[in-house]
$ cat target.txt   # compact mmCIF, C-alpha atoms and all ligand atoms
# COMPACT_ATOMS: atom_id res chain seq x y z
CA MET A 158 -13.02 4.40 -17.03
CA ARG A 159 -11.91 1.00 -18.26
CA VAL A 160 -9.61 -0.68 -15.80
CA LEU A 161 -7.51 -3.82 -16.20
CA ILE A 162 -6.61 -5.74 -13.03
CA THR A 163 -4.07 -8.53 -13.37
CA GLY A 164 -4.64 -11.04 -10.58
CA GLY A 165 -8.22 -9.78 -10.35
CA ALA A 166 -9.52 -13.05 -8.88
CA GLY A 167 -6.96 -12.93 -6.09
CA PHE A 168 -7.63 -11.70 -2.59
CA ILE A 169 -6.68 -8.02 -3.02
CA GLY A 170 -7.47 -7.93 -6.77
CA SER A 171 -11.04 -9.08 -6.20
CA HIS A 172 -11.71 -6.41 -3.56
CA LEU A 173 -10.22 -3.82 -5.91
CA ALA A 174 -12.48 -5.04 -8.74
CA GLU A 175 -15.53 -4.83 -6.49
CA THR A 176 -14.80 -1.25 -5.37
CA LEU A 177 -14.15 -0.08 -8.94
CA LEU A 178 -17.40 -1.70 -10.15
CA GLU A 179 -19.27 0.03 -7.32
CA ARG A 180 -17.98 3.41 -8.47
CA GLY A 181 -19.07 2.72 -12.06
CA ASP A 182 -15.91 1.65 -13.86
CA ASP A 183 -15.74 -1.09 -16.46
CA VAL A 184 -13.48 -3.72 -14.97
CA TYR A 185 -11.48 -6.30 -16.91
CA ILE A 186 -9.57 -8.92 -15.01
CA ILE A 187 -7.04 -11.54 -16.01
CA ASP A 188 -6.14 -14.35 -13.62
CA ASP A 189 -4.74 -17.86 -14.06
CA LEU A 190 -6.39 -19.00 -10.81
CA SER A 191 -3.03 -20.28 -9.51
CA THR A 192 -3.74 -18.69 -6.13
CA GLY A 193 -6.87 -16.69 -7.03
CA SER A 194 -10.29 -18.29 -7.20
CA MET A 195 -13.65 -17.93 -8.95
CA ASP A 196 -15.26 -17.90 -5.49
CA ASN A 197 -13.60 -14.53 -4.86
CA ILE A 198 -15.44 -12.89 -7.76
CA ARG A 199 -18.63 -14.97 -8.02
CA GLN A 200 -20.67 -12.56 -5.92
CA PHE A 201 -20.28 -9.64 -8.32
CA LYS A 202 -19.76 -11.70 -11.49
CA GLU A 203 -23.30 -12.98 -11.05
CA ASN A 204 -24.72 -9.54 -10.20
CA PRO A 205 -26.93 -8.52 -13.19
CA ALA A 206 -26.09 -4.84 -12.56
CA TYR A 207 -22.48 -5.56 -13.54
CA ALA A 208 -23.23 -7.86 -16.50
CA ASP A 209 -21.98 -5.33 -19.08
CA HIS A 210 -19.24 -3.94 -16.86
CA PHE A 211 -17.24 -6.91 -15.61
CA PHE A 212 -15.13 -9.05 -17.93
CA VAL A 213 -13.13 -12.06 -16.83
CA THR A 214 -10.25 -13.70 -18.73
CA ILE A 215 -8.85 -16.89 -17.20
CA GLU A 216 -5.31 -16.89 -18.56
CA SER A 217 -1.72 -16.39 -17.52
CA ILE A 218 -0.36 -12.85 -17.74
CA LEU A 219 2.43 -14.45 -19.77
CA ASN A 220 -0.09 -15.06 -22.59
CA HIS A 221 0.93 -12.32 -25.02
CA ASP A 222 -2.22 -12.29 -27.17
CA ALA A 223 -4.56 -12.00 -24.20
CA MET A 224 -2.48 -9.27 -22.63
CA ILE A 225 -2.17 -7.25 -25.88
CA GLU A 226 -5.93 -7.21 -26.28
CA LEU A 227 -6.68 -6.30 -22.66
CA THR A 228 -4.00 -3.63 -22.35
CA GLY A 229 -5.17 -2.12 -25.64
CA ILE A 230 -8.80 -1.91 -24.47
CA CYS A 231 -8.23 -0.48 -20.98
CA ASP A 232 -7.27 3.04 -19.84
CA VAL A 233 -5.23 2.06 -16.80
CA VAL A 234 -3.70 -1.14 -15.39
CA PHE A 235 -3.42 -2.35 -11.81
CA HIS A 236 -0.78 -5.08 -11.85
CA MET A 237 -1.70 -7.20 -8.84
CA ALA A 238 -0.83 -10.66 -10.21
CA ALA A 239 2.08 -12.17 -8.30
CA ALA A 240 3.21 -15.24 -6.46
CA VAL A 241 1.92 -14.82 -2.90
CA GLY A 242 2.72 -16.16 0.54
CA VAL A 243 6.02 -17.31 2.03
CA ARG A 244 4.85 -20.93 2.02
CA TYR A 245 3.91 -20.81 -1.69
CA ILE A 246 7.18 -19.13 -2.65
CA LEU A 247 9.33 -21.68 -0.83
CA LYS A 248 7.39 -24.48 -2.53
CA HIS A 249 7.43 -22.94 -6.03
CA PRO A 250 10.59 -20.82 -6.19
CA LEU A 251 11.18 -20.93 -9.95
CA GLU A 252 7.58 -20.32 -10.90
CA SER A 253 7.38 -17.42 -8.42
CA ILE A 254 10.46 -15.70 -9.85
CA LYS A 255 9.21 -16.16 -13.43
CA THR A 256 5.71 -14.85 -12.67
CA ASN A 257 7.06 -11.82 -10.88
CA ILE A 258 9.87 -10.84 -13.21
CA GLU A 259 8.66 -11.96 -16.66
CA GLY A 260 5.05 -11.05 -15.94
CA THR A 261 5.86 -7.52 -14.83
CA GLU A 262 8.31 -6.98 -17.67
CA LYS A 263 5.65 -8.03 -20.19
CA ILE A 264 3.01 -5.74 -18.68
CA LEU A 265 5.34 -2.77 -18.63
CA GLU A 266 6.30 -3.40 -22.26
CA LEU A 267 2.63 -3.43 -23.30
CA CYS A 268 1.69 -0.42 -21.14
CA ASN A 269 4.54 1.44 -22.79
CA LYS A 270 3.42 0.37 -26.27
CA PHE A 271 -0.15 1.61 -25.63
CA LYS A 272 0.88 4.43 -23.26
CA LYS A 273 -1.28 3.23 -20.38
CA LYS A 274 -0.75 4.29 -16.76
CA VAL A 275 0.19 1.31 -14.59
CA LEU A 276 0.35 0.66 -10.85
CA ILE A 277 2.61 -2.18 -9.76
CA ALA A 278 1.89 -3.97 -6.50
CA SER A 279 5.21 -4.59 -4.79
CA SER A 280 5.64 -5.85 -1.25
CA SER A 281 7.01 -4.91 2.16
CA GLU A 282 9.19 -8.01 1.69
CA VAL A 283 11.56 -5.81 -0.34
CA TYR A 284 12.74 -4.16 2.90
CA GLY A 285 14.30 -7.45 3.99
CA LYS A 286 15.72 -7.99 7.47
CA HIS A 287 15.33 -4.59 9.12
CA MET A 288 14.66 -4.35 12.86
CA HIS A 289 13.79 -0.66 13.03
CA ALA A 290 10.40 0.93 12.66
CA PRO A 291 8.85 2.48 10.75
CA LEU A 292 10.19 1.33 7.38
CA VAL A 293 10.27 4.20 4.93
CA GLU A 294 10.55 4.20 1.17
CA THR A 295 14.11 5.60 1.19
CA ASP A 296 15.50 2.91 3.55
CA ASN A 297 18.33 0.64 2.48
CA LEU A 298 17.28 -2.94 1.75
CA ILE A 299 18.93 -5.88 3.55
CA TYR A 300 18.73 -9.48 2.36
CA GLY A 301 20.17 -12.83 3.35
CA PRO A 302 22.18 -15.06 0.98
CA SER A 303 20.75 -16.37 -2.30
CA THR A 304 20.68 -19.91 -0.87
CA LYS A 305 17.78 -18.79 1.35
CA PHE A 306 14.84 -18.74 -0.96
CA ARG A 307 12.65 -16.43 1.03
CA TRP A 308 14.80 -13.59 -0.30
CA SER A 309 14.16 -14.56 -3.93
CA TYR A 310 10.70 -13.09 -3.56
CA ALA A 311 12.07 -9.81 -2.20
CA ALA A 312 14.67 -9.69 -4.96
CA SER A 313 12.14 -10.42 -7.71
CA LYS A 314 9.76 -7.74 -6.42
CA LEU A 315 12.68 -5.33 -6.20
CA MET A 316 13.55 -6.09 -9.82
CA ASP A 317 9.92 -5.27 -10.72
CA GLU A 318 10.33 -1.93 -8.98
CA PHE A 319 13.58 -1.18 -10.82
CA THR A 320 12.06 -2.13 -14.17
CA GLY A 321 8.99 0.03 -13.56
CA LEU A 322 11.08 3.00 -12.47
CA ALA A 323 13.37 2.53 -15.48
CA TYR A 324 10.35 2.69 -17.82
CA TYR A 325 9.33 5.93 -16.11
CA ARG A 326 12.83 7.38 -16.43
CA THR A 327 13.67 6.32 -19.93
CA LYS A 328 10.27 6.25 -21.67
CA GLY A 329 8.21 8.64 -19.55
CA LEU A 330 5.70 5.86 -18.80
CA ASN A 331 3.35 6.65 -15.90
CA VAL A 332 4.34 3.94 -13.41
CA ILE A 333 3.41 3.92 -9.71
CA ILE A 334 5.02 1.44 -7.29
CA THR A 335 3.22 0.43 -4.09
CA ARG A 336 4.73 -1.64 -1.30
CA LEU A 337 1.88 -3.48 0.36
CA PHE A 338 2.29 -4.47 4.01
CA ASN A 339 0.36 -7.37 5.59
CA THR A 340 -3.09 -7.00 4.08
CA VAL A 341 -5.99 -8.92 5.56
CA GLY A 342 -9.75 -9.30 5.26
CA PRO A 343 -12.50 -11.59 4.03
CA ARG A 344 -11.63 -13.96 1.14
CA GLN A 345 -7.97 -14.29 2.15
CA THR A 346 -7.05 -17.94 2.44
CA GLY A 347 -4.61 -19.40 4.93
CA ALA A 348 -3.53 -21.97 2.35
CA TYR A 349 -0.39 -20.02 1.41
CA GLY A 350 0.65 -19.33 5.00
CA MET A 351 -1.14 -16.06 5.84
CA VAL A 352 -1.37 -15.86 9.57
CA ILE A 353 -4.77 -14.32 10.35
CA PRO A 354 -7.00 -16.65 8.31
CA ARG A 355 -4.96 -19.59 9.63
CA PHE A 356 -5.28 -18.57 13.28
CA VAL A 357 -8.99 -17.78 12.94
CA LYS A 358 -9.70 -21.15 11.38
CA GLN A 359 -7.66 -22.94 14.07
CA ALA A 360 -9.43 -21.00 16.84
CA LEU A 361 -12.91 -21.66 15.44
CA LYS A 362 -12.11 -25.37 15.33
CA ASN A 363 -10.67 -25.24 18.89
CA GLU A 364 -7.34 -26.50 17.52
CA PRO A 365 -3.91 -25.25 18.69
CA LEU A 366 -2.80 -21.93 17.16
CA THR A 367 0.52 -22.60 15.40
CA VAL A 368 2.79 -19.70 16.37
CA TYR A 369 6.15 -19.94 14.57
CA GLY A 370 9.37 -19.22 16.43
CA ASP A 371 8.82 -17.63 19.85
CA GLY A 372 6.02 -15.41 18.53
CA SER A 373 7.86 -12.18 19.39
CA GLN A 374 8.01 -11.15 15.70
CA THR A 375 5.63 -8.30 14.95
CA ARG A 376 3.43 -7.27 12.03
CA THR A 377 1.12 -4.35 11.27
CA PHE A 378 -2.05 -5.49 9.57
CA THR A 379 -4.14 -3.40 7.17
CA TYR A 380 -7.73 -4.04 6.15
CA VAL A 381 -8.06 -4.88 2.47
CA LYS A 382 -10.67 -2.17 1.82
CA ASP A 383 -8.27 0.45 3.22
CA VAL A 384 -5.53 -0.87 0.95
CA VAL A 385 -7.89 -0.73 -2.04
CA SER A 386 -8.76 2.90 -1.33
CA GLY A 387 -5.03 3.70 -1.14
CA LEU A 388 -4.41 1.97 -4.48
CA ILE A 389 -7.23 3.85 -6.18
CA SER A 390 -6.15 7.22 -4.75
CA LEU A 391 -2.61 6.67 -6.02
CA MET A 392 -3.89 5.73 -9.47
CA ASP A 393 -6.31 8.68 -9.62
CA SER A 394 -3.68 11.21 -8.60
CA ASP A 395 -1.63 13.04 -11.22
CA ASN A 396 1.45 13.45 -9.01
CA THR A 397 2.36 9.91 -8.00
CA ALA A 398 4.06 8.52 -11.14
CA GLY A 399 7.70 7.44 -10.96
CA GLU A 400 7.56 6.99 -7.19
CA VAL A 401 7.36 4.30 -4.52
CA PHE A 402 4.67 4.35 -1.79
CA ASN A 403 4.16 2.17 1.28
CA ILE A 404 0.56 1.19 2.00
CA GLY A 405 -0.05 -0.22 5.46
CA GLY A 406 -1.61 0.08 8.89
CA ILE A 407 -0.58 1.54 12.23
CA GLU A 408 -1.21 -1.07 14.95
CA GLU A 409 1.93 -3.16 15.51
CA ILE A 410 1.31 -6.47 17.28
CA SER A 411 3.44 -9.50 18.10
CA ILE A 412 2.29 -12.79 16.60
CA VAL A 413 1.85 -14.40 20.00
CA ASN A 414 -0.35 -11.50 21.17
CA LEU A 415 -2.28 -11.76 17.92
CA ALA A 416 -2.89 -15.46 18.60
CA GLU A 417 -4.20 -14.70 22.09
CA LYS A 418 -6.43 -11.90 20.79
CA ILE A 419 -7.92 -14.23 18.17
CA ILE A 420 -8.56 -16.97 20.76
CA ARG A 421 -10.48 -14.42 22.87
CA ALA A 422 -12.37 -12.97 19.90
CA CYS A 423 -13.49 -16.45 18.85
CA ASN A 424 -14.43 -17.54 22.40
CA SER A 425 -12.22 -20.50 21.68
CA SER A 426 -10.70 -23.12 23.95
CA SER A 427 -7.60 -23.29 21.73
CA LYS A 428 -4.09 -22.93 23.17
CA VAL A 429 -1.00 -21.39 21.60
CA GLU A 430 1.54 -23.92 20.32
CA LEU A 431 5.07 -22.68 19.56
CA ILE A 432 6.53 -24.33 16.46
CA PRO A 433 10.22 -23.89 15.57
CA TYR A 434 10.74 -22.16 12.22
CA GLU A 435 12.71 -25.06 10.79
CA GLU A 436 9.77 -27.35 11.44
CA ALA A 437 7.26 -24.89 9.94
CA PHE A 438 9.39 -24.00 6.90
CA GLU A 439 12.93 -25.28 6.36
CA LYS A 440 16.34 -25.36 8.01
CA ASP A 441 17.88 -21.91 8.54
CA PHE A 442 14.64 -20.15 7.63
CA GLU A 443 14.86 -16.42 8.31
CA ASP A 444 11.74 -14.49 9.30
CA MET A 445 11.34 -10.73 9.36
CA GLN A 446 11.34 -9.85 13.05
CA ARG A 447 9.50 -6.57 12.71
CA ARG A 448 7.44 -4.92 9.99
CA VAL A 449 5.86 -1.52 10.49
CA PRO A 450 5.21 0.81 7.56
CA GLY A 451 5.96 4.50 7.45
CA ILE A 452 2.86 5.94 5.79
CA GLU A 453 3.67 9.66 5.90
CA LYS A 454 4.43 9.80 2.18
CA ILE A 455 1.13 8.36 0.96
CA LYS A 456 -0.72 10.34 3.63
CA ASP A 457 0.85 13.62 2.49
CA ARG A 458 0.40 12.88 -1.20
CA VAL A 459 -3.13 11.46 -1.40
CA GLY A 460 -4.52 11.72 2.15
CA PHE A 461 -4.34 7.97 2.84
CA LYS A 462 -5.40 6.96 6.35
CA PRO A 463 -6.25 3.40 7.43
CA GLN A 464 -9.82 3.47 8.80
CA THR A 465 -10.24 -0.03 10.20
CA ASP A 466 -8.77 -1.08 13.55
CA LEU A 467 -7.50 -4.58 14.29
CA ASP A 468 -10.56 -5.58 16.35
CA THR A 469 -12.89 -4.72 13.46
CA ILE A 470 -10.60 -6.47 10.97
CA LEU A 471 -10.64 -9.60 13.13
CA SER A 472 -14.40 -9.61 13.60
CA ASN A 473 -14.92 -9.29 9.82
CA VAL A 474 -12.46 -12.10 9.13
CA ILE A 475 -14.04 -14.31 11.81
CA GLU A 476 -17.49 -13.81 10.23
CA SER A 477 -16.20 -14.70 6.77
CA VAL A 478 -14.27 -17.77 7.96
CA LYS A 479 -17.35 -18.93 9.89
CA LYS A 480 -19.39 -18.66 6.69
CA ARG A 481 -16.77 -20.61 4.75
CA LEU A 482 -16.68 -23.33 7.43
CA SER A 483 -20.49 -23.18 7.77
CA ILE A 484 -20.25 -22.42 11.51
CA THR A 485 -23.18 -20.43 12.93
N1 LIG B 1 2.96 -17.18 11.26
C1 LIG B 1 2.75 -18.00 12.37
N2 LIG B 1 1.90 -19.06 12.24
C2 LIG B 1 1.23 -19.34 11.09
C3 LIG B 1 1.43 -18.50 9.96
C4 LIG B 1 2.31 -17.44 10.09
O1 LIG B 1 3.33 -17.78 13.44
O2 LIG B 1 0.46 -20.33 11.06
C5 LIG B 1 3.86 -16.02 11.40
C6 LIG B 1 4.94 -15.92 10.31
O3 LIG B 1 6.06 -16.69 10.65
C7 LIG B 1 5.21 -14.43 10.32
C8 LIG B 1 3.86 -13.81 10.65
O4 LIG B 1 3.09 -14.84 11.25
O5 LIG B 1 6.13 -14.10 11.32
C9 LIG B 1 3.11 -13.28 9.43
O6 LIG B 1 3.05 -14.32 8.48
P1 LIG B 1 2.33 -14.16 7.07
O7 LIG B 1 2.68 -15.38 6.26
O8 LIG B 1 0.90 -13.84 7.28
O9 LIG B 1 2.98 -12.87 6.43
P2 LIG B 1 4.53 -12.42 6.22
O10 LIG B 1 4.64 -11.18 7.04
O11 LIG B 1 5.44 -13.50 6.69
O12 LIG B 1 4.65 -12.18 4.76

$ encode --input "target.txt" --output "structure tokens" --more "lines below"
Ligand code: UDP
Amino acid sequence: MRVLITGGAGFIGSHLAETLLERGDDVYIIDDLSTGSMDNIRQFKENPAYADHFFVTIESILNHDAMIELTGICDVVFHMAAAVGVRYILKHPLESIKTNIEGTEKILELCNKFKKKVLIASSSEVYGKHMHAPLVETDNLIYGPSTKFRWSYAASKLMDEFTGLAYYRTKGLNVIITRLFNTVGPRQTGAYGMVIPRFVKQALKNEPLTVYGDGSQTRTFTYVKDVVSGLISLMDSDNTAGEVFNIGGIEEISIVNLAEKIIRACNSSSKVELIPYEEAFEKDFEDMQRRVPGIEKIKDRVGFKPQTDLDTILSNVIESVKKRLSIT
């Protein structure tokens, strides 16, 4: 099969590309390297076994000519390109909204023109400020005011979902929506705020671990390879189109407990440092206090089950950060 991955040099996109290459697909990626990186794909780009199977286009998904050609060539499209990370979004609000909304609209238009099945990566951010767990696909969505820019990301991803579902309803296009919860693993950078690579780097350097707020907020982390297998199962299935699926893990942990776990796992002398949200982000910043996915739907439909526990995830991330920092 020929597969197009938008954002294929990003953290999740590059792991997806690698798994699809391993199973024998021809993989085409497009990435503007805004948050992705050539380092993420170098390992398999330079593998002679994939020389005739892996094709890289460094371009924006808003480039119509490039996208027409790639969508025309490929059988299916994984649309992974998006603005990522709370820090990045607060710093580049306009660009983030444009990439998410215009980019997705363009891809859906082309997939419809060429009748190509498309999976759109949405985000658990769309749930907004819920306190209950687990979050299920039919839950109401709760946002703060439009003056708080964190919610612009949720709203733009929600608009992507509506547009995709409208293409399914009105044009019969095969569109699958996935809401990805906190995904972690090797190659993820802490540069855009993501907590685990940041804490691991801080712990390995014996620096304070910067816990925002009082650290009581919780997350449920999923290993990137588990997420990739969920994405591929949804795409390969013939009864997932026109629907929304959570993909996420099962171990809920508070951020302060996560920090302590990472300090222990790294044998570090670091201490936890609590940093008020307004210092870390901006005045009146609103965090999501709790985020646990309901995964019954994807489990029932395609047998999805996260395989990697948090300890294994952390040890893999620690190894990869050590390599990046050249620590032995
Ligand atoms: N966080 C933190 N310190 C950091 C980075 C993040 O305490 O250096 C917190 C952040 O405020 C959030 C959680 O860790 O409550 C997860 O943050 P991340 O950016 O990884 O993902 P989010 O769930 O916010 O999209």

$ atom_distance --input "target.txt" --atom1 "atom CA of Lys328 of chain A" --atom2 "atom CA of Lys454 of chain A"
24.8 Å

$ atom_distance --input "target.txt" --atom1 "atom CA of Ile169 of chain A" --atom2 "atom CA of Ile389 of chain A"
12.3 Å

$ atom_distance --input "target.txt" --atom1 "atom CA of Arg326 of chain A" --atom2 "atom CA of Asp395 of chain A"
16.4 Å

$ residues_around --input "target.txt" --residues "Asn197 of chain A" --least-positions-apart "2" --cutoff "12 Å" --atoms "all atoms listed in the file" --output "short mmCIF file (atom, residue, chain, number, x, y, z; two decimals) with C-alpha atoms, keeping the file's coordinate frame"
data_model
loop_
_atom_site.label_atom_id
_atom_site.label_comp_id
_atom_site.auth_asym_id
_atom_site.auth_seq_id
_atom_site.Cartn_x
_atom_site.Cartn_y
_atom_site.Cartn_z
CA GLY A 164 -4.64 -11.04 -10.58
CA GLY A 165 -8.22 -9.78 -10.35
CA ALA A 166 -9.52 -13.05 -8.88
CA GLY A 167 -6.96 -12.93 -6.09
CA PHE A 168 -7.63 -11.70 -2.59
CA ILE A 169 -6.68 -8.02 -3.02
CA GLY A 170 -7.47 -7.93 -6.77
CA SER A 171 -11.04 -9.08 -6.20
CA HIS A 172 -11.71 -6.41 -3.56
CA LEU A 173 -10.22 -3.82 -5.91
CA ALA A 174 -12.48 -5.04 -8.74
CA GLU A 175 -15.53 -4.83 -6.49
CA ASP A 188 -6.14 -14.35 -13.62
CA LEU A 190 -6.39 -19.00 -10.81
CA THR A 192 -3.74 -18.69 -6.13
CA GLY A 193 -6.87 -16.69 -7.03
CA SER A 194 -10.29 -18.29 -7.20
CA MET A 195 -13.65 -17.93 -8.95
CA ARG A 199 -18.63 -14.97 -8.02
CA GLN A 200 -20.67 -12.56 -5.92
CA PHE A 201 -20.28 -9.64 -8.32
CA LYS A 202 -19.76 -11.70 -11.49
CA GLU A 203 -23.30 -12.98 -11.05
CA PRO A 343 -12.50 -11.59 4.03
CA ARG A 344 -11.63 -13.96 1.14
CA GLN A 345 -7.97 -14.29 2.15
CA THR A 346 -7.05 -17.94 2.44
CA SER A 477 -16.20 -14.70 6.77
CA ARG A 481 -16.77 -20.61 4.75
#

$ closest_residue --input "target.txt" --among "A:Ala312, A:Gly460, A:Glu409, A:Ser427" --to "Thr367 of chain A" --atoms "all atoms listed in the file"
A:Ser427

$ closest_residue --input "target.txt" --among "A:Gly451, A:Gly342, A:Pro250, A:Pro354" --to "ligand LIG 1 (chain B)" --atoms "all atoms listed in the file"
A:Pro354

$ closest_atom_pairs --input "target.txt" --of "chain A" --to "ligand LIG 1 (chain B)" --cutoff "6 Å" --atoms "all atoms listed in the file" --output "tab-separated table"
residue	atom	partner	partner_atom	distance
A:Gly242	CA	B:LIG1	O7	5.8
A:Val243	CA	B:LIG1	O7	5.7
A:Asn339	CA	B:LIG1	O10	5.9
A:Gly350	CA	B:LIG1	O7	4.6
A:Met351	CA	B:LIG1	O8	3.3
A:Val352	CA	B:LIG1	O8	3.8
A:Arg355	CA	B:LIG1	O2	5.7
A:Thr367	CA	B:LIG1	O2	4.9
A:Val368	CA	B:LIG1	O1	3.5
A:Tyr369	CA	B:LIG1	O1	3.7
A:Gln374	CA	B:LIG1	O5	5.6
A:Ile412	CA	B:LIG1	O4	5.8
A:Asp444	CA	B:LIG1	O5	6.0

$ residues_around --input "target.txt" --residues "Thr214 of chain A" --least-positions-apart "3" --cutoff "10 Å" --atoms "only C-alpha atoms" --output "short mmCIF file (atom, residue, chain, number, x, y, z; two decimals) with C-alpha atoms, in the frame of the given file"
data_model
loop_
_atom_site.label_atom_id
_atom_site.label_comp_id
_atom_site.auth_asym_id
_atom_site.auth_seq_id
_atom_site.Cartn_x
_atom_site.Cartn_y
_atom_site.Cartn_z
CA THR A 163 -4.07 -8.53 -13.37
CA GLY A 165 -8.22 -9.78 -10.35
CA ALA A 166 -9.52 -13.05 -8.88
CA TYR A 185 -11.48 -6.30 -16.91
CA ILE A 186 -9.57 -8.92 -15.01
CA ILE A 187 -7.04 -11.54 -16.01
CA ASP A 188 -6.14 -14.35 -13.62
CA ASP A 189 -4.74 -17.86 -14.06
CA SER A 217 -1.72 -16.39 -17.52
CA ILE A 218 -0.36 -12.85 -17.74
CA ALA A 223 -4.56 -12.00 -24.20
CA MET A 224 -2.48 -9.27 -22.63
CA LEU A 227 -6.68 -6.30 -22.66
#

$ closest_residue --input "target.txt" --among "A:Ala348, A:Ala278, A:Ile246, A:Leu482" --to "Val384 of chain A" --atoms "only C-alpha atoms"
A:Ala278
